[in-house]
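What's in structure-v6.cif: mmCIF, C-alpha atoms and all ligand atoms
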```cif
data_run
loop_
_atom_site.label_atom_id
_atom_site.label_comp_id
_atom_site.auth_asym_id
_atom_site.auth_seq_id
_atom_site.Cartn_x
_atom_site.Cartn_y
_atom_site.Cartn_z
CA MET A 1316 0.00 0.00 0.00
CA LYS A 1317 2.85 2.36 0.86
CA ARG A 1318 4.38 1.77 -2.58
CA VAL A 1319 1.09 2.58 -4.30
CA LEU A 1320 0.71 5.79 -2.30
CA LYS A 1321 4.32 6.71 -3.05
CA LYS A 1322 3.65 6.26 -6.78
CA ILE A 1323 0.43 8.27 -6.68
CA PHE A 1324 1.52 11.06 -4.32
CA LEU A 1325 3.99 13.38 -6.03
CA PRO A 1326 6.92 15.02 -4.28
CA CYS A 1327 6.53 18.82 -4.05
CA THR A 1328 9.37 19.39 -6.53
CA VAL A 1329 7.50 17.42 -9.20
CA ALA A 1330 4.15 18.97 -8.27
CA THR A 1331 5.48 22.52 -8.76
CA GLU A 1332 6.93 21.56 -12.17
CA MET A 1333 3.53 20.15 -13.14
CA ILE A 1334 1.81 23.35 -11.94
CA GLU A 1335 4.00 25.36 -14.33
CA LYS A 1336 3.46 22.81 -17.11
CA ASP A 1337 -0.30 23.02 -16.55
CA ILE A 1338 -0.22 26.76 -17.26
CA TYR A 1339 1.69 26.59 -20.54
CA PHE A 1340 0.95 23.09 -21.84
CA LYS A 1341 -1.67 20.40 -21.40
CA LEU A 1342 -1.39 17.82 -18.68
CA SER A 1343 -2.49 14.24 -19.27
CA ALA A 1344 -5.52 12.97 -17.36
CA LEU A 1345 -3.24 11.02 -15.00
CA GLU A 1346 -1.00 14.07 -14.39
CA LYS A 1347 -4.08 16.19 -13.67
CA LEU A 1348 -5.35 13.61 -11.19
CA ARG A 1349 -1.98 13.31 -9.44
CA LEU A 1350 -1.64 17.09 -9.26
CA PHE A 1351 -5.21 17.47 -7.99
CA LEU A 1352 -4.55 14.92 -5.23
CA HIS A 1353 -1.27 16.60 -4.30
CA THR A 1354 -2.61 20.15 -4.13
CA GLY A 1355 -5.63 18.86 -2.19
CA LEU A 1356 -3.32 17.57 0.54
CA CYS A 1357 -0.34 19.95 0.33
CA GLY A 1358 -1.14 23.51 1.39
CA LEU A 1359 2.16 24.92 0.16
CA CYS A 1360 1.72 23.61 -3.38
CA HIS A 1361 -1.92 24.69 -3.35
CA ARG A 1362 -0.80 28.27 -2.57
CA TYR A 1363 2.01 28.03 -5.12
CA GLN A 1364 -0.55 27.02 -7.76
CA LYS A 1365 -2.85 29.94 -6.91
CA HIS A 1366 0.04 32.43 -7.00
CA SER A 1367 1.45 30.99 -10.20
CA ARG A 1368 -1.93 31.25 -11.98
CA LEU A 1369 -2.42 34.79 -10.65
CA LEU A 1370 1.02 35.91 -11.86
CA HIS A 1371 0.40 34.31 -15.25
CA ARG A 1372 -2.93 36.14 -15.57
CA ILE A 1373 -1.35 39.47 -14.58
CA LEU A 1374 1.51 38.94 -17.05
CA MET A 1375 -0.98 38.17 -19.82
CA GLU A 1376 -2.88 41.37 -18.99
CA LEU A 1377 0.38 43.33 -19.09
CA HIS A 1378 1.33 41.68 -22.37
CA HIS A 1379 -2.05 42.62 -23.81
CA GLU A 1380 -1.62 46.21 -22.61
CA HIS A 1381 1.90 46.21 -24.04
CA GLU A 1382 0.45 45.67 -27.51
CA HIS A 1383 -0.96 49.16 -27.20
CA PRO A 1384 1.93 51.61 -27.55
CA GLN A 1385 1.09 53.85 -24.56
CA ALA A 1386 3.69 53.37 -21.85
CA PRO A 1387 2.28 53.34 -18.31
CA LYS A 1388 2.91 56.45 -16.27
CA GLU A 1389 4.97 56.20 -13.10
CA GLU A 1390 1.88 56.48 -10.86
CA GLU A 1391 0.18 53.70 -12.87
CA GLN A 1392 3.23 51.49 -12.35
CA THR A 1393 3.13 52.17 -8.61
CA ALA A 1394 -0.61 51.40 -8.50
CA LEU A 1395 -0.01 48.15 -10.41
CA LYS A 1396 2.77 47.11 -8.02
CA GLU A 1397 0.43 47.74 -5.08
CA LYS A 1398 -2.36 45.81 -6.81
CA ILE A 1399 -0.07 42.79 -7.37
CA THR A 1400 1.24 42.93 -3.79
CA ASN A 1401 -2.29 43.17 -2.35
CA ARG A 1402 -3.58 40.25 -4.42
CA LEU A 1403 -0.58 38.11 -3.47
CA GLU A 1404 -1.08 38.91 0.21
CA LYS A 1405 -4.76 37.95 0.00
CA ASN A 1406 -3.94 34.49 -1.39
ZN ZN B 1 3.56 19.95 -2.17
#
```
How would this structure read if it were set down as structure tokens?
Amino acid sequence: MKRVLKKIFLPCTVATEMIEKDIYFKLSALEKLRLFLHTGLCGLCHRYQKHSRLLHRILMELHHEHEHPQAPKEEEQTALKEKITNRLEKN
């Protein structure tokens, strides 16, 4: 039984790699299941996943805004930094 659990339950180092892979590529059904089980039991990886997805979403928003040639003003940059910090602290 221990061996089966060891095979199913990922180490955190593998789980965090899969979290990153999940954002940019597709995970297989088995990988998704293993990651789901891991993040359900490991609070640190669960938080890492939330933060990673949040950062990805913010970067995509910035990338989209970057397509428009207006550079953000200094006060907008400061407001954005505060927004990112606040959202990270909430999660
Ligand atoms: Zn973990």
Contacts between ligand ZN 1 (chain B) and chain A, please, where a residue of chain A counts if it comes within 12 Å (with all atoms listed in the file); show its shortest atom pair and distance in Å to one decimal, rows by chain and ascending number, as CSV.
```
residue,atom,partner,partner_atom,distance
A:Phe1324,CA,B:ZN1,ZN,9.4
A:Leu1325,CA,B:ZN1,ZN,7.6
A:Pro1326,CA,B:ZN1,ZN,6.3
A:Cys1327,CA,B:ZN1,ZN,3.7
A:Thr1328,CA,B:ZN1,ZN,7.3
A:Val1329,CA,B:ZN1,ZN,8.4
A:Ala1330,CA,B:ZN1,ZN,6.2
A:Thr1331,CA,B:ZN1,ZN,7.3
A:Glu1332,CA,B:ZN1,ZN,10.7
A:Met1333,CA,B:ZN1,ZN,11.0
A:Ile1334,CA,B:ZN1,ZN,10.5
A:Arg1349,CA,B:ZN1,ZN,11.3
A:Leu1350,CA,B:ZN1,ZN,9.2
A:Phe1351,CA,B:ZN1,ZN,10.8
A:Leu1352,CA,B:ZN1,ZN,10.0
A:His1353,CA,B:ZN1,ZN,6.3
A:Thr1354,CA,B:ZN1,ZN,6.5
A:Gly1355,CA,B:ZN1,ZN,9.3
A:Leu1356,CA,B:ZN1,ZN,7.8
A:Cys1357,CA,B:ZN1,ZN,4.6
A:Gly1358,CA,B:ZN1,ZN,6.9
A:Leu1359,CA,B:ZN1,ZN,5.7
A:Cys1360,CA,B:ZN1,ZN,4.3
A:His1361,CA,B:ZN1,ZN,7.3
A:Arg1362,CA,B:ZN1,ZN,9.4
A:Tyr1363,CA,B:ZN1,ZN,8.7
A:Gln1364,CA,B:ZN1,ZN,9.9
```
Determine the nearest neighbour of A:Lys1396 from the options A:Arg1318, A:Asp1337, A:Leu1377, A:Ile1323, counting all atoms listed in the file.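 Of all the options, A:Leu1377 lies closest to A:Lys1396.
The interatomic distance for the pair atom CA of A:Arg1402 and atom CA of A:Glu1382 works out to 24.1 Å.
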Using only C-alpha atoms for the distances, tell me which of A:His1366, A:Lys1322, A:His1378, A:Lys1336 is nearest to A:Thr1400. A:His1366
Quick check, in Å to one decimal: how far apart do atom CA of A:Ala1394 and atom CA of A:Arg1368 lie? 20.5 Å
